[in-house]
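Report on the structure given below.
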Amino acid sequence: MSEDFKTSAEKYLYSRDQFRKLAQHKFLEFNEHSNLLIASTNELIASITLFCSGRNFREIDNGLYCADLMVSFCRSHFIASDLVLGGDLVDGAVIIRKQMELLARLNELKRGTDIERLIRKTPNIKHLKSGLKRLYSEYSEVAHSASPKVMELLGRRDYESGVYTLVYPDFQENAYVSLQHLILTAFEYYVWAVNFLSDNFKDFDAAYHSKLFEKAFETHNRIYTGRPISELGT
């Protein structure tokens with residue numbers, strides 16, 4: 001069915017929306033466990049965030065800063081998930097890199113830390129607790145558009161006349177690499193959050209959130225080669 005567009009921008013946005021829907025369909029169709037992995041991880045992050053809603057963080061060392069970072073992590077997680085599913089891997093990578101830095105900052109904010117020593121300084125990636133730190137340089141390369149190679153994440157198509165970069169997002173198997181890295185940021189965040197919230201809020205149900213985590217982790221292992229939960233720092 002043909003569409004009448006008044007502007008090029010209107011045409012682009014309509015086409016982009018259609019291609020993103022198709023990419024999402026192809027992504028979920030590629031592996032039968034992917035939908036459950038995304039849903040269970042989203043539930044874990046949302047549950048942690050909604051527990052914090054309306055609670056007083058003022059009496060906790062660096063509590064207000066931590067609370068803001070927790071809100072930021074949740075918002076970015078859902079945005080990155082949407083981008084990865086929709087085939088926007090470069091844009092998703094920028095947010096995944098941001099999540100790594102946010103996790104490093106949370107780990108820097110130990111009880112008694114002088115926040116003035118951290119302000120306006122980039123978080124030190126060495127404070128990440130998992131293997132995410134080994135991925136950071138690659139994600140920085142994507143964020144900085146540092147080489148033609150990383151631009152391949154935009155998508156390529158081979159035609160008789162040559163190789164073309166896709167104007168609109170499309171599914172590619174690299175999306176499953178991006179998804180795993182996003183999920184790993186969520187898992188490291190869970191480790192930090194369950195310790196932080198258990199220490200500061202007596203009514204935080206760590207056992208319930210542990211079950212949410214285990215469901216997401218087990219589903220992750222159905223898609224990817226898994227590691228023991230102990231290696232993630234719990």
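Going by the structure tokens order, chains are called A, B, ..., each with residues numbered from 1, while ligands are numbered from 1 in the order shown.
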Env of stretch 33-36 of chain A: 10 Å cut, atoms = only C-alpha atoms, seq-sep filter 5 positions within chain, self excluded. Answer as a ChimeraX atom specification. /A:27-28,41-42,176,179,215-216,219-223
For C-alpha atoms, I'd like the residues from the last selection saved as an mmCIF file, in the first residue's frame.
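Saved to selection.cif:
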```
data_model
loop_
_atom_site.group_PDB
_atom_site.id
_atom_site.type_symbol
_atom_site.label_atom_id
_atom_site.label_comp_id
_atom_site.auth_asym_id
_atom_site.auth_seq_id
_atom_site.Cartn_x
_atom_site.Cartn_y
_atom_site.Cartn_z
ATOM 1 C CA PHE A 27 15.362 -11.183 16.351
ATOM 2 C CA LEU A 28 12.778 -12.995 18.468
ATOM 3 C CA THR A 41 15.846 -9.390 32.783
ATOM 4 C CA ASN A 42 13.498 -6.453 32.299
ATOM 5 C CA TYR A 176 22.719 -11.381 19.970
ATOM 6 C CA LEU A 179 22.048 -8.448 23.826
ATOM 7 C CA LYS A 215 15.380 -17.142 36.123
ATOM 8 C CA ALA A 216 17.116 -14.581 33.907
ATOM 9 C CA THR A 219 17.517 -18.386 30.423
ATOM 10 C CA HIS A 220 20.730 -16.618 29.441
ATOM 11 C CA ASN A 221 22.526 -19.949 29.638
ATOM 12 C CA ARG A 222 20.074 -21.551 27.243
ATOM 13 C CA ILE A 223 21.205 -19.104 24.583
#
```
Within 12 Å of A:Ile48, counting only C-alpha atoms, which residues show up once you throw out same-chain ones fewer than 2 positions away? Write them as a PyMOL selection string, please. chain A and resi 41-46+50-53+67+70-71+73-74+186+189-198+204-206+208-210+212-213
Identify, with DSSP run on backbone atoms, the residues in stretch 2-156 of chain A assigned to alpha helix (DSSP H), and express the list as a ChimeraX atom specification. /A:8-30,34-52,63-85,89-108,136-143
Minimum-distance residue to A:Leu83, chosen among A:Cys66, A:Met151, A:Leu182, A:Met100 (using only C-alpha atoms):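 Checking each of A:Cys66, A:Met151, A:Leu182, A:Met100 against A:Leu83, counting only C-alpha atoms, the winner is A:Leu182.
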Stretch 110-119 of chain A environment, 9 Å, only C-alpha atoms, sequence neighbours closer than 6 positions dropped, as a PyMOL selection string: chain A and resi 60-62
Please, which residues of stretch 103-176 of chain A, numbered as in this document, come out strand (DSSP E or B) from DSSP, as a count of residues only? 8
Applying 9 Å and only C-alpha atoms, which residues near A:Val94 remain after dropping the ones on its own chain fewer than 3 positions away? List them as an MDAnalysis selection string. chainID A and resid 80 89:91 97:99 139:140 142:144
Residue subset to file, keeping C-alpha atoms, as an mmCIF file, in the first residue's frame:
```cif
data_model
loop_
_atom_site.group_PDB
_atom_site.id
_atom_site.type_symbol
_atom_site.label_atom_id
_atom_site.label_comp_id
_atom_site.auth_asym_id
_atom_site.auth_seq_id
_atom_site.Cartn_x
_atom_site.Cartn_y
_atom_site.Cartn_z
ATOM 1 C CA ALA A 80 19.149 -0.079 24.913
ATOM 2 C CA LEU A 89 23.310 -1.744 17.240
ATOM 3 C CA VAL A 90 25.595 1.289 17.050
ATOM 4 C CA ASP A 91 23.199 3.387 19.108
ATOM 5 C CA ARG A 97 29.090 1.685 27.209
ATOM 6 C CA LYS A 98 27.338 4.308 29.326
ATOM 7 C CA GLN A 99 25.933 1.516 31.517
ATOM 8 C CA TYR A 139 32.546 -0.163 23.032
ATOM 9 C CA SER A 140 34.507 3.077 23.246
ATOM 10 C CA VAL A 142 32.040 2.235 18.581
ATOM 11 C CA ALA A 143 30.970 5.289 20.594
ATOM 12 C CA HIS A 144 33.766 7.384 19.073
#
```
Could you check the closest approach to A:Asp17 for each of A:Ala93, A:Tyr224, A:Arg105, A:Gly87 and tell me which residue wins, using only C-alpha atoms? A:Gly87
